[in-house]
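I have placed the structure first, in the form of C-alpha cells, so that the comments after it can refer back to it.
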Amino acid sequence: MSKTVAKYQKYVEYKDSGVEWLGKVPTHWNIKRIKETAQIINGYPFDSEKFDPINGTPLVRIRDINSNETQVFFNGSVPKEALIFNSDILIGMDGDFNVSQWKGGEAALNQRVCCLRSNDTFLTKFLSYLLPTRMKIINDLTYFTTVKHLSSTDILKTVYAIPNKIEYANIANFLDHETAKIDSLIEKQQQLIQLLKEKRQAVISHAVTKGLNPNVPMKDSGVEWLGQVPEHWTLKSYRHASRIYRGKFGHRPRNDPAFYDGEYPFIQTGDVARAEKFITTYSQTLNEKGKEVSQLFPKGTLMMAIAANIGDLAILGFEAYAPDSVVGFKPNDDIDLEFLRYSFMAALPALEQTSTQSTQANLNIERIGAVHGVFPSFDEQKKIVNHLDDLLEKYRVIRIEMDKAIQLLQERRTALISAAVTGKIDVRNWQNPNNNNEAKTEFSA
C-alpha cells in the first residue's frame with residue numbers, strides 16, 4: 001500500500017472477487033455489472049454538414065469530454081435520445097478511452113462517445129470515480145494495438161464491486177472532499193508555474209532591451225514594445241540584423257508518402273516546439289525526391305515556427321530541411337546567434353500582434369523582418385547571453401521541481417480514488433469536517 005493510502009484503515013474481512021483487476025474486495029460488497037446499475041446512451045451520427053461554430057445545440061465529440069465545453073454546435077434537429085445533461089458520465093470509445101462526468105449543460109452526443117446515466121446521484125458519482133480506474137487498465141492492456149475501440153457492450157459487461165447505498169454515498173463524498181483538496185494544491189502549483197513563466201519572459205525582455213547596467217543613459221526608441229533603450233544601443237529591424245530564409249515544401253499534399261522516409265532530416269514545427277535551446281532530434285526524414293522540393297538549412301541556423309504556435313525558437317544542431325511553416329535566421333556578423341534568439345523571445349508579443357488571425361495565427365518573413373529590435377556591441381551581447389543562460393537554468397530547475405510536485409499530487413489523487421472505489425481502504429467512519437457528513441444524514445441505515 002502506498003504512503004498516500006497507508007494512513008487509512010483497511011476493512012476487517014475480504015473475499016476473492018473473482019475479477020482479476022479487482023482482486024480481493026470487502027466481504028459485504030456485491031459484484032455487479034454496469035448494465036445492472038446504470039443505462040447506456042450511445043452517441044448519434046450527426047451530419048457534419050450541419051456543424052456550426054456558433055448556432056445550434058452544443059455537440060460533444062471525443063475531444064470535448066474533459067473540457068466541459070464544445071467546439072462546434074449542431075444546427076439541426078437533435079433526437080431526444082441523443083441529449084446529455086449535467087452529471088452524465090461520458091466515455092470516449094476510441095483512442096485513450098477518456099472518462100469524465102459532464103458539467104457543460106444540455107448537449108448532443110456525437111458518435112464514438114457514449115453516456116452512462118443513473119437516477120442515483122451518489123451511484124453516478126461513485127461510477128465516475130471508478131470507471132477511469134478501470135479504463136486505465138484497459139488502456140494499458142491495449143497500449144500496443146494499432147487502433148483501440150470500445151463498444152457499448154464492452155462497457156455494459158464491465159464488472160465492479162459496490163457496497164450498500166449509505167457506504168458508496170460516503171465514499172463519493174469522501175472522494176469529492178479529498179480530491180478537491182488535491183486539485184486545489186495542483187492549481188496553486190500551476191499558478192506558480194505561470195508566474196515563473198511570466199517572470200522568465202520579463203527577465204529576458206528587460207535584459208535584451210535595457211541591458212544589465214541600471215545606471216546607463218537611456219533614450220526613447222520610438223518603438224512601442226521596446227520603450228526606453230540604452231543610449232549607445234543600435235535600433236534596427238530584424239531584416240537588417242539577420243538573413244531570413246523561408247522553409248519550403250513545394251508539393252501538395254505535403255503528407256504524400258512518396259517524399260518521405262529517406263536519409264535527410266526534416267524539421268517541422270513540432271520539433272522546434274519540443275526543443276529547448278538546441279534542436280537535437282527529428283521525427284521525420286525526406287528521401288531524394290523529398291529534398292528536391294524542400295529547403296536546406298545549415299547547422300547553427302536559428303529556427304522559428306511561423307504557423308500554429310508561432311514564435312517557438314531553437315537553434316538547429318545539424319543540417320536539415322524544413323517546410324514553409326518554419327523560417328531560419330542567420331545573424332549578421334555583429335549579432336550573436338544566441339542574443340538574436342533571446343531578442344526574438346522578448347519580441348514575441350510584438351510578433352504575435354503582426355500575425356494573421358484566420359483559422360490559426362500565422363507569420364511571414366515580411367512581418368518578422370519589419371519588427372525592430374535593439375542591439376548593443378557584440379561583447380555586451382555575449383555578457384547578456386551568459387547572464388540569461390545562468391538565470392534561466394535556475395528557473396528551469398525550479399520548473400522541474402514544480403512539475404514533479406504536480407505529478408506526485410496527481411499520482412496521490414489516482415491512488416486514493418482507486419483504493420476507495422475498490423475497497424482497499426475503509427472510509428465508513430469518515431466525517432466531512434465542513435458539514436458533519438452529508439451522506440449519513442440523508443439516508444437511514
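Identifiers in this document derive from the order of the C-alpha cells: chains are assigned A, B, ..., residues are numbered from 1 separately in each chain, and ligands are numbered from 1 in order of occurrence.
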
Within 8 Å of region 270-282 of chain A using only C-alpha atoms, minus same-chain residues under 3 positions, as an NGL selection string: :A and (265-267 or 285 or 303-305 or 312-318)

Can you tell me, as a PyMOL selection string, which residues in region 39-242 of chain A count as helix (DSSP H, G or I) by DSSP? chain A and resi 48-50+62-64+80-82+121-141+152-157+165-210+238-241

Residue list (strand (DSSP E or B), DSSP) for region 46-106 of chain A, as an NGL selection string: :A and (51-52 or 57-60 or 72-74 or 83-84 or 89-92 or 94 or 99-101)

Which residues are close to Lys197 (chain A), i.e. within 12 Å by only C-alpha atoms, leaving aside same-chain residues fewer than 3 positions away? Reply as a count of residues only. 15

Residue with smallest distance to Asp16 (chain A) - pool A:Arg412, A:Gln71, A:Ala161, A:Trp102, counting only C-alpha atoms: A:Ala161

Write out as a PyMOL selection string each polymer residue whose atoms come within 7 Å of region 126-137 of chain A, counting only C-alpha atoms; drop sequence neighbours fewer than 5 positions from it. chain A and resi 89+97+99-101+168+172+417-418+421

Mind dumping the selected residues with N, CA and C atoms as an mmCIF file, in the first residue's frame?
```cif
data_model
loop_
_atom_site.group_PDB
_atom_site.id
_atom_site.type_symbol
_atom_site.label_atom_id
_atom_site.label_comp_id
_atom_site.auth_asym_id
_atom_site.auth_seq_id
_atom_site.Cartn_x
_atom_site.Cartn_y
_atom_site.Cartn_z
ATOM 1 N N ILE A 89 -22.098 10.544 -17.228
ATOM 2 C CA ILE A 89 -20.710 10.091 -17.371
ATOM 3 C C ILE A 89 -20.439 9.812 -18.847
ATOM 4 N N PHE A 97 -9.821 6.158 -24.505
ATOM 5 C CA PHE A 97 -10.986 5.831 -23.683
ATOM 6 C C PHE A 97 -11.129 6.781 -22.490
ATOM 7 N N VAL A 99 -12.669 9.198 -19.698
ATOM 8 C CA VAL A 99 -13.910 9.173 -18.932
ATOM 9 C C VAL A 99 -14.007 10.466 -18.142
ATOM 10 N N SER A 100 -15.188 11.092 -18.157
ATOM 11 C CA SER A 100 -15.368 12.306 -17.372
ATOM 12 C C SER A 100 -16.843 12.520 -17.102
ATOM 13 N N GLN A 101 -17.137 13.142 -15.958
ATOM 14 C CA GLN A 101 -18.523 13.499 -15.653
ATOM 15 C C GLN A 101 -18.806 14.858 -16.284
ATOM 16 N N TYR A 168 -21.529 3.653 -0.370
ATOM 17 C CA TYR A 168 -20.969 4.257 -1.587
ATOM 18 C C TYR A 168 -21.244 5.754 -1.642
ATOM 19 N N ALA A 172 -18.292 8.469 -2.117
ATOM 20 C CA ALA A 172 -18.370 9.569 -3.083
ATOM 21 C C ALA A 172 -18.094 10.906 -2.408
ATOM 22 N N ILE A 417 -8.277 7.490 -5.122
ATOM 23 C CA ILE A 417 -9.540 7.105 -5.774
ATOM 24 C C ILE A 417 -9.609 5.600 -5.961
ATOM 25 N N SER A 418 -8.540 5.018 -6.510
ATOM 26 C CA SER A 418 -8.522 3.584 -6.768
ATOM 27 C C SER A 418 -8.723 2.782 -5.491
ATOM 28 N N VAL A 421 -12.591 3.193 -4.246
ATOM 29 C CA VAL A 421 -13.673 2.588 -5.039
ATOM 30 C C VAL A 421 -13.504 1.089 -5.229
#
```

Check the smallest atom-to-atom distance from each of A:Val327, A:Val223, A:Val78, A:Ile41 to Thr269 (chain A) using only C-alpha atoms, then report the winner. A:Val327
